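Listing of entry20.pdb; format and content: PDB, C-alpha atoms, pLDDT in the B column.
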```
ATOM      1  CA  MET E 183     -13.713  34.328  67.905  1.00 49.00           C
ATOM      2  CA  ARG E 184     -14.612  35.421  71.431  1.00 56.00           C
ATOM      3  CA  ARG E 185     -16.484  32.136  71.965  1.00 61.00           C
ATOM      4  CA  VAL E 186     -13.353  30.161  71.025  1.00 58.00           C
ATOM      5  CA  LEU E 187     -11.214  32.171  73.445  1.00 61.00           C
ATOM      6  CA  ASN E 188     -13.756  31.668  76.218  1.00 77.00           C
ATOM      7  CA  CYS E 189     -13.776  27.915  75.593  1.00 80.00           C
ATOM      8  CA  SER E 190      -9.971  27.806  75.417  1.00 81.00           C
ATOM      9  CA  SER E 191      -9.598  29.626  78.704  1.00 85.00           C
ATOM     10  CA  ARG E 192     -12.032  27.254  80.423  1.00 86.00           C
ATOM     11  CA  ILE E 193     -10.099  24.253  79.112  1.00 85.00           C
ATOM     12  CA  ARG E 194      -6.799  25.813  80.211  1.00 86.00           C
ATOM     13  CA  LYS E 195      -8.149  26.400  83.736  1.00 90.00           C
ATOM     14  CA  GLN E 196      -9.111  22.720  83.995  1.00 88.00           C
ATOM     15  CA  LEU E 197      -5.741  21.566  82.652  1.00 88.00           C
ATOM     16  CA  ASP E 198      -3.897  23.807  85.107  1.00 91.00           C
ATOM     17  CA  THR E 199      -5.264  21.620  87.919  1.00 91.00           C
ATOM     18  CA  VAL E 200      -3.490  18.492  86.592  1.00 91.00           C
ATOM     19  CA  VAL E 201      -0.074  19.813  85.482  1.00 91.00           C
ATOM     20  CA  SER E 202       2.698  17.207  85.724  1.00 89.00           C
ATOM     21  CA  PRO E 203       6.387  18.078  86.172  1.00 86.00           C
ATOM     22  CA  LYS E 204       7.434  15.632  83.448  1.00 83.00           C
ATOM     23  CA  SER E 205       6.111  13.761  80.428  1.00 81.00           C
ATOM     24  CA  LYS E 206       4.199  10.495  80.803  1.00 78.00           C
ATOM     25  CA  LEU E 207       5.279   9.364  77.317  1.00 80.00           C
ATOM     26  CA  THR E 208       7.540   6.320  77.018  1.00 83.00           C
ATOM     27  CA  LYS E 209       9.563   7.867  74.172  1.00 83.00           C
ATOM     28  CA  PRO E 210      11.138  11.258  74.840  1.00 79.00           C
ATOM     29  CA  ILE E 211      10.200  14.043  72.430  1.00 78.00           C
ATOM     30  CA  ARG E 212      11.598  17.532  71.949  1.00 77.00           C
ATOM     31  CA  ALA E 213       8.995  20.007  73.087  1.00 67.00           C
ATOM     32  CA  PRO E 214      10.662  23.071  74.630  1.00 71.00           C
ATOM     33  CA  LYS E 215       7.403  24.908  75.388  1.00 79.00           C
ATOM     34  CA  ALA E 216       5.326  21.898  76.389  1.00 80.00           C
ATOM     35  CA  THR E 217       3.211  21.796  79.530  1.00 83.00           C
ATOM     36  CA  TRP E 218       2.603  18.208  80.547  1.00 86.00           C
ATOM     37  CA  VAL E 219      -0.598  17.185  82.308  1.00 87.00           C
ATOM     38  CA  GLU E 220      -1.839  14.018  83.947  1.00 86.00           C
ATOM     39  CA  PRO E 221      -4.036  11.977  81.569  1.00 79.00           C
ATOM     40  CA  ALA E 222      -7.285  12.707  83.408  1.00 79.00           C
ATOM     41  CA  PHE E 223      -9.599  14.106  80.706  1.00 76.00           C
ATOM     42  CA  VAL E 224     -11.255  12.561  77.664  1.00 81.00           C
ATOM     43  CA  ALA E 225     -12.309  14.672  74.691  1.00 79.00           C
ATOM     44  CA  GLU E 226     -13.542  14.131  71.167  1.00 81.00           C
ATOM     45  CA  ILE E 227     -11.921  16.667  68.860  1.00 74.00           C
ATOM     46  CA  GLU E 228     -12.740  17.225  65.205  1.00 73.00           C
ATOM     47  CA  TYR E 229     -10.451  19.257  62.993  1.00 69.00           C
ATOM     48  CA  ARG E 230     -10.658  20.302  59.343  1.00 69.00           C
ATOM     49  CA  ASP E 231      -7.056  20.707  58.305  1.00 70.00           C
ATOM     50  CA  ILE E 232      -3.424  20.795  59.346  1.00 68.00           C
ATOM     51  CA  THR E 233      -1.660  24.110  58.778  1.00 69.00           C
ATOM     52  CA  VAL E 234       1.793  24.536  57.246  1.00 64.00           C
ATOM     53  CA  SER E 235       3.274  24.803  60.733  1.00 65.00           C
ATOM     54  CA  PHE E 236       1.494  21.542  61.723  1.00 59.00           C
ATOM     55  CA  GLY E 237      -1.148  23.317  63.791  1.00 62.00           C
ATOM     56  CA  LEU E 238      -4.706  22.029  63.763  1.00 57.00           C
ATOM     57  CA  GLN E 239      -7.527  24.063  62.267  1.00 53.00           C
ATOM     58  CA  TYR E 240     -10.953  23.441  63.769  1.00 51.00           C
TER
END
```

Can the structure from this file be put into structure tokens for me?
Amino acid sequence: MRRVLNCSSRIRKQLDTVVSPKSKLTKPIRAPKATWVEPAFVAEIEYRDITVSFGLQY
């Protein structure tokens, strides 16, 4: 678990450098706790399942 937190904090630090004041999406969505970022990173993510609350399980 510690490894995941370490990785998450490194990703968050990188994302903090490209925060955008508003969404870049063409269709508005309701996301009250969203933090929008400039589309500057590319990642390949694999997940195993979607939880009941629509979270991703990796």

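Across the model, the gap from atom CA of E:Cys189 to atom CA of E:Pro203 is 24.8 Å.
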
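Taking atom CA of E:Arg192 and atom CA of E:Ile211 as endpoints, the distance between them is 27.1 Å.
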
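Distance-wise, atom CA of E:Ile193 and atom CA of E:Ile227 end up 12.9 Å apart.
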
Can you list, as a PyMOL selection string, the residues that the PyMOL selection byres ((chain E and resi 199) around 12) selects here?
chain E and resi 192-198+200-202+217-223
